[in-house]
Amino acid sequence: MEVEAHSSGSLAGDSPGIGDAELIARILAGERELFHELVRPYEKNVYFAAFSVLQNEQDAEDAAQETVLKALKNLRNFRAESKFSTWLVSIAINEARARLRHARVLKFESVDESPPDEEGGFTPSVISDWREVPLEALERKELRELLQKAIASLPEIYREVLLLRDVEEFSIAESAAALGVSEGVVKTRLLRARLMMQKVLAPKLKSKRSGLFGLFRNRAGGSWF
Amino acid sequence: MVLNCKHVWDQISNYIEDDVAPDLREAIEEHLAHCRHCAAVLDSTRNILYLIADDRVFELPVGYSDRLHARLREEIASGG
């Protein structure tokens with residue numbers, strides 16, 4: 001479905017019409033079919049949150065469906081002081097992590113939950129001058145795969161935060177709420193995630209001849225490069 | 001405030017977020033004006049972020065929304 005693939009899925013609950021709070025009140029009062037309307041603006045966020053953990057389309061879709069059913073079942077436990085969107089995404093992340101742990105156990109892999117060092121030094125890829133990079137040769141598919149592979153190569157804690165902040169465009173505060181960590185932790189992980197992406201991608205993009213970025217001109221404008 | 005390259009890299013994410021104090025921002029920009037390596041790191045990082053934010057990089061599976069709402073309809077109908 002073409003429209004679906006490009007839907008914005010904006011966060012916020014700031015869309016016109018009935019707000020999330022009113023929808024929730026009416027659903028809890030018995031109009032349960034309104035739950036479709038409540039989750040629709042965030043269903044894309046739910047999928048990508050699950051995908052950031054699971055890295056597999058089918059698993060992410062299964063986790064997204066389970067997330068929405070759990071949210072319906074537990075809607076009474078939702079506290080109005082948090083945003084429905086971040087509550088929903090935090091359920092998605094927990095659901096996906098649980099599935100990942102389960103899959104690891106099934107595969108008899110060691111489950112090493114210790115996070116990578118978040119404080120250690122990191123050296124970005126130093127290239128002589130990014131603006132010299134001619135990038136027109138890359139086909140869009142090739143670019144997409146390059147970006148997806150780079151994100152997939154990140155350790156889970158960095159992948160999650162990068163997907164939330166830089167792909168889904170959650171704010172720092174929303175990312176922190178969805179992940180259940182402090183804003184300081186989000187910022188630290190984001191720095192590492194972004195520099196890791198730079199380190200992996202900058203040399204590859206530089207090595208390509210021409211116009212990669214022309215493909216994205218509509219969104220980013222022609223002068224940012 | 002004089003910064004070395006490592007200091008600038010440590011702040012690059014906050015700088016992109018526009019989340020640094022004015023005096024630190026000034027010091028970073030002073031460094032960037034004279035260090036083409038750090039300027040390139042900033043440019044490349046920022047451009048990679050533009051790329052991954054593009055809707056076409058990550059797309060939903062075809063039919064995702066339809067299947068999700070069908071499942072939800074079943075659940076609501078069953079009183080779950």
# chains A, B, ... in the order shown; residues from 1 in each chain; ligands from 1
call {"tool": "interface_residues", "arguments": {"of": "chain B", "to": "chain A", "cutoff": "9 Å", "atoms": "only C-alpha atoms", "output": "PyMOL selection string"}}
result
chain B and resi 6+9-14+36-41+43-65+67-69+71-73+75-77+80
call {"tool": "atom_distance", "arguments": {"atom1": "CA of Ser78 (chain B)", "atom2": "CA of Asn74 (chain A)"}}
result
16.0 Å
call {"tool": "atom_distance", "arguments": {"atom1": "CA of Ser175 (chain A)", "atom2": "CA of Glu142 (chain A)"}}
result
29.1 Å
call {"tool": "closest_residue", "arguments": {"among": "A:Leu164, A:Glu31, A:Leu154, A:Phe84", "to": "Gly19 (chain A)", "atoms": "only C-alpha atoms"}}
result
A:Phe84
call {"tool": "atom_distance", "arguments": {"atom1": "CA of Trp87 (chain A)", "atom2": "CA of Ala71 (chain A)"}}
result
8.7 Å
call {"tool": "residues_around", "arguments": {"residues": "Ala80 (chain A)", "least_positions_apart": "3", "cutoff": "12 Å", "atoms": "only C-alpha atoms", "output": "list in words"}}
result
Asp20, Ala21, Glu22, Ile24, Ala25, Leu75, Arg76, Asn77, Lys83, Phe84, Ser85, Thr86 and Trp87 of chain A
call {"tool": "write_last_selection", "arguments": {"atoms": "C-alpha atoms", "output": "PDB file, in the first residue's frame"}}
result
ATOM      1  CA  ASP A  20      -5.586  11.375  22.741  1.00  0.00           C
ATOM      2  CA  ALA A  21      -6.899  12.092  26.257  1.00  0.00           C
ATOM      3  CA  GLU A  22     -10.498  12.334  25.096  1.00  0.00           C
ATOM      4  CA  ILE A  24      -8.761   7.282  25.844  1.00  0.00           C
ATOM      5  CA  ALA A  25     -11.581   8.406  28.123  1.00  0.00           C
ATOM      6  CA  LEU A  75      -5.121   1.068  28.698  1.00  0.00           C
ATOM      7  CA  ARG A  76      -6.503   1.561  32.205  1.00  0.00           C
ATOM      8  CA  ASN A  77      -2.927   1.546  33.492  1.00  0.00           C
ATOM      9  CA  LYS A  83       2.248  10.884  26.419  1.00  0.00           C
ATOM     10  CA  PHE A  84       0.304   8.011  24.929  1.00  0.00           C
ATOM     11  CA  SER A  85       2.799   7.824  22.043  1.00  0.00           C
ATOM     12  CA  THR A  86       5.830   7.291  24.281  1.00  0.00           C
ATOM     13  CA  TRP A  87       3.910   4.831  26.463  1.00  0.00           C
TER      14      TRP A  87
END
call {"tool": "select_by_dssp", "arguments": {"residues": "chain B", "states": "alpha helix (DSSP H)", "output": "MDAnalysis selection string"}}
result
chainID B and resid 5:16 22:34 36:52 64:77
call {"tool": "residues_around", "arguments": {"residues": "Met1 (chain B)", "least_positions_apart": "5", "cutoff": "10 Å", "atoms": "only C-alpha atoms", "output": "PDB file with N, CA and C atoms, in the first residue's frame"}}
result
ATOM      1  N   ASP B  23      28.841  30.064  24.930  1.00  0.00           N
ATOM      2  CA  ASP B  23      30.306  30.200  24.901  1.00  0.00           C
ATOM      3  C   ASP B  23      30.964  28.945  24.331  1.00  0.00           C
ATOM      4  N   LEU B  24      30.365  27.794  24.601  1.00  0.00           N
ATOM      5  CA  LEU B  24      30.901  26.549  24.033  1.00  0.00           C
ATOM      6  C   LEU B  24      30.669  26.523  22.518  1.00  0.00           C
ATOM      7  N   GLU B  26      30.518  29.014  20.561  1.00  0.00           N
ATOM      8  CA  GLU B  26      31.480  29.942  19.965  1.00  0.00           C
ATOM      9  C   GLU B  26      32.858  29.285  19.842  1.00  0.00           C
ATOM     10  N   ALA B  27      33.260  28.565  20.892  1.00  0.00           N
ATOM     11  CA  ALA B  27      34.568  27.904  20.877  1.00  0.00           C
ATOM     12  C   ALA B  27      34.611  26.797  19.823  1.00  0.00           C
ATOM     13  N   ILE B  28      33.501  26.065  19.690  1.00  0.00           N
ATOM     14  CA  ILE B  28      33.435  25.002  18.677  1.00  0.00           C
ATOM     15  C   ILE B  28      33.554  25.622  17.279  1.00  0.00           C
ATOM     16  N   GLU B  30      34.880  28.416  16.450  1.00  0.00           N
ATOM     17  CA  GLU B  30      36.240  28.931  16.279  1.00  0.00           C
ATOM     18  C   GLU B  30      37.166  27.787  15.826  1.00  0.00           C
TER      19      GLU B  30
END
call {"tool": "decode", "arguments": {"residues": "region 23-62 of chain A", "atoms": "N, CA and C atoms", "output": "mmCIF file, in the first residue's frame"}}
result
data_model
loop_
_atom_site.group_PDB
_atom_site.id
_atom_site.type_symbol
_atom_site.label_atom_id
_atom_site.label_comp_id
_atom_site.auth_asym_id
_atom_site.auth_seq_id
_atom_site.Cartn_x
_atom_site.Cartn_y
_atom_site.Cartn_z
ATOM 1 N N LEU A 23 -9.986 10.573 23.504
ATOM 2 C CA LEU A 23 -10.171 9.237 22.917
ATOM 3 C C LEU A 23 -10.039 8.150 23.986
ATOM 4 N N ILE A 24 -9.001 8.290 24.805
ATOM 5 C CA ILE A 24 -8.761 7.282 25.844
ATOM 6 C C ILE A 24 -9.943 7.214 26.809
ATOM 7 N N ALA A 25 -10.440 8.380 27.195
ATOM 8 C CA ALA A 25 -11.581 8.406 28.123
ATOM 9 C C ALA A 25 -12.795 7.705 27.502
ATOM 10 N N ARG A 26 -13.036 7.970 26.233
ATOM 11 C CA ARG A 26 -14.201 7.351 25.572
ATOM 12 C C ARG A 26 -14.015 5.840 25.390
ATOM 13 N N ILE A 27 -12.786 5.433 25.094
ATOM 14 C CA ILE A 27 -12.519 3.991 24.948
ATOM 15 C C ILE A 27 -12.758 3.283 26.283
ATOM 16 N N LEU A 28 -12.254 3.891 27.337
ATOM 17 C CA LEU A 28 -12.414 3.278 28.661
ATOM 18 C C LEU A 28 -13.878 3.271 29.099
ATOM 19 N N ALA A 29 -14.639 4.223 28.544
ATOM 20 C CA ALA A 29 -16.069 4.268 28.871
ATOM 21 C C ALA A 29 -16.889 3.294 28.015
ATOM 22 N N GLY A 30 -16.217 2.601 27.087
ATOM 23 C CA GLY A 30 -16.931 1.559 26.342
ATOM 24 C C GLY A 30 -16.860 1.640 24.830
ATOM 25 N N GLU A 31 -16.407 2.767 24.290
ATOM 26 C CA GLU A 31 -16.336 2.883 22.818
ATOM 27 C C GLU A 31 -15.014 2.293 22.328
ATOM 28 N N ARG A 32 -14.885 0.998 22.451
ATOM 29 C CA ARG A 32 -13.595 0.349 22.229
ATOM 30 C C ARG A 32 -13.099 0.420 20.785
ATOM 31 N N GLU A 33 -14.051 0.547 19.860
ATOM 32 C CA GLU A 33 -13.622 0.623 18.455
ATOM 33 C C GLU A 33 -12.815 1.896 18.173
ATOM 34 N N LEU A 34 -12.907 2.887 19.052
ATOM 35 C CA LEU A 34 -12.111 4.106 18.873
ATOM 36 C C LEU A 34 -10.613 3.853 19.080
ATOM 37 N N PHE A 35 -10.288 2.693 19.589
ATOM 38 C CA PHE A 35 -8.864 2.375 19.781
ATOM 39 C C PHE A 35 -8.117 2.375 18.444
ATOM 40 N N HIS A 36 -8.802 2.002 17.374
ATOM 41 C CA HIS A 36 -8.173 2.072 16.041
ATOM 42 C C HIS A 36 -7.658 3.486 15.778
ATOM 43 N N GLU A 37 -8.518 4.450 16.078
ATOM 44 C CA GLU A 37 -8.188 5.847 15.818
ATOM 45 C C GLU A 37 -7.049 6.321 16.732
ATOM 46 N N LEU A 38 -7.065 5.835 17.948
ATOM 47 C CA LEU A 38 -6.035 6.241 18.908
ATOM 48 C C LEU A 38 -4.639 5.792 18.466
ATOM 49 N N VAL A 39 -4.519 4.570 17.987
ATOM 50 C CA VAL A 39 -3.184 4.043 17.657
ATOM 51 C C VAL A 39 -2.715 4.393 16.242
ATOM 52 N N ARG A 40 -3.667 4.724 15.375
ATOM 53 C CA ARG A 40 -3.290 4.919 13.969
ATOM 54 C C ARG A 40 -2.149 5.919 13.749
ATOM 55 N N PRO A 41 -2.145 7.076 14.420
ATOM 56 C CA PRO A 41 -1.043 8.026 14.166
ATOM 57 C C PRO A 41 0.328 7.496 14.603
ATOM 58 N N TYR A 42 0.350 6.495 15.459
ATOM 59 C CA TYR A 42 1.619 6.026 16.030
ATOM 60 C C TYR A 42 2.008 4.627 15.572
ATOM 61 N N GLU A 43 1.221 4.040 14.674
ATOM 62 C CA GLU A 43 1.504 2.646 14.321
ATOM 63 C C GLU A 43 2.850 2.501 13.618
ATOM 64 N N LYS A 44 3.257 3.548 12.904
ATOM 65 C CA LYS A 44 4.565 3.505 12.259
ATOM 66 C C LYS A 44 5.680 3.553 13.316
ATOM 67 N N ASN A 45 5.505 4.403 14.316
ATOM 68 C CA ASN A 45 6.490 4.486 15.393
ATOM 69 C C ASN A 45 6.635 3.149 16.111
ATOM 70 N N VAL A 46 5.504 2.472 16.316
ATOM 71 C CA VAL A 46 5.518 1.179 16.998
ATOM 72 C C VAL A 46 6.333 0.165 16.194
ATOM 73 N N TYR A 47 6.094 0.138 14.888
ATOM 74 C CA TYR A 47 6.815 -0.818 14.041
ATOM 75 C C TYR A 47 8.321 -0.559 14.082
ATOM 76 N N PHE A 48 8.715 0.699 13.904
ATOM 77 C CA PHE A 48 10.152 0.974 13.831
ATOM 78 C C PHE A 48 10.845 0.827 15.187
ATOM 79 N N ALA A 49 10.105 1.071 16.264
ATOM 80 C CA ALA A 49 10.688 0.811 17.589
ATOM 81 C C ALA A 49 10.994 -0.681 17.716
ATOM 82 N N ALA A 50 10.041 -1.510 17.304
ATOM 83 C CA ALA A 50 10.260 -2.959 17.364
ATOM 84 C C ALA A 50 11.376 -3.374 16.405
ATOM 85 N N PHE A 51 11.369 -2.761 15.232
ATOM 86 C CA PHE A 51 12.392 -3.103 14.233
ATOM 87 C C PHE A 51 13.793 -2.722 14.713
ATOM 88 N N SER A 52 13.899 -1.617 15.466
ATOM 89 C CA SER A 52 15.220 -1.179 15.933
ATOM 90 C C SER A 52 15.852 -2.248 16.821
ATOM 91 N N VAL A 53 15.027 -3.008 17.503
ATOM 92 C CA VAL A 53 15.536 -4.069 18.374
ATOM 93 C C VAL A 53 15.712 -5.374 17.587
ATOM 94 N N LEU A 54 14.707 -5.724 16.799
ATOM 95 C CA LEU A 54 14.662 -7.076 16.224
ATOM 96 C C LEU A 54 15.350 -7.215 14.864
ATOM 97 N N GLN A 55 15.401 -6.110 14.110
ATOM 98 C CA GLN A 55 16.123 -6.115 12.830
ATOM 99 C C GLN A 55 15.580 -7.128 11.831
ATOM 100 N N ASN A 56 14.303 -7.369 11.901
ATOM 101 C CA ASN A 56 13.683 -8.337 10.995
ATOM 102 C C ASN A 56 12.229 -7.914 10.796
ATOM 103 N N GLU A 57 11.804 -7.798 9.537
ATOM 104 C CA GLU A 57 10.475 -7.247 9.257
ATOM 105 C C GLU A 57 9.343 -8.055 9.883
ATOM 106 N N GLN A 58 9.394 -9.380 9.693
ATOM 107 C CA GLN A 58 8.292 -10.206 10.192
ATOM 108 C C GLN A 58 8.228 -10.179 11.719
ATOM 109 N N ASP A 59 9.390 -10.295 12.356
ATOM 110 C CA ASP A 59 9.420 -10.257 13.822
ATOM 111 C C ASP A 59 8.934 -8.905 14.335
ATOM 112 N N ALA A 60 9.342 -7.835 13.642
ATOM 113 C CA ALA A 60 8.936 -6.491 14.078
ATOM 114 C C ALA A 60 7.425 -6.317 13.931
ATOM 115 N N GLU A 61 6.877 -6.861 12.845
ATOM 116 C CA GLU A 61 5.417 -6.740 12.653
ATOM 117 C C GLU A 61 4.660 -7.534 13.719
ATOM 118 N N ASP A 62 5.134 -8.732 14.005
ATOM 119 C CA ASP A 62 4.485 -9.538 15.056
ATOM 120 C C ASP A 62 4.530 -8.797 16.398
#
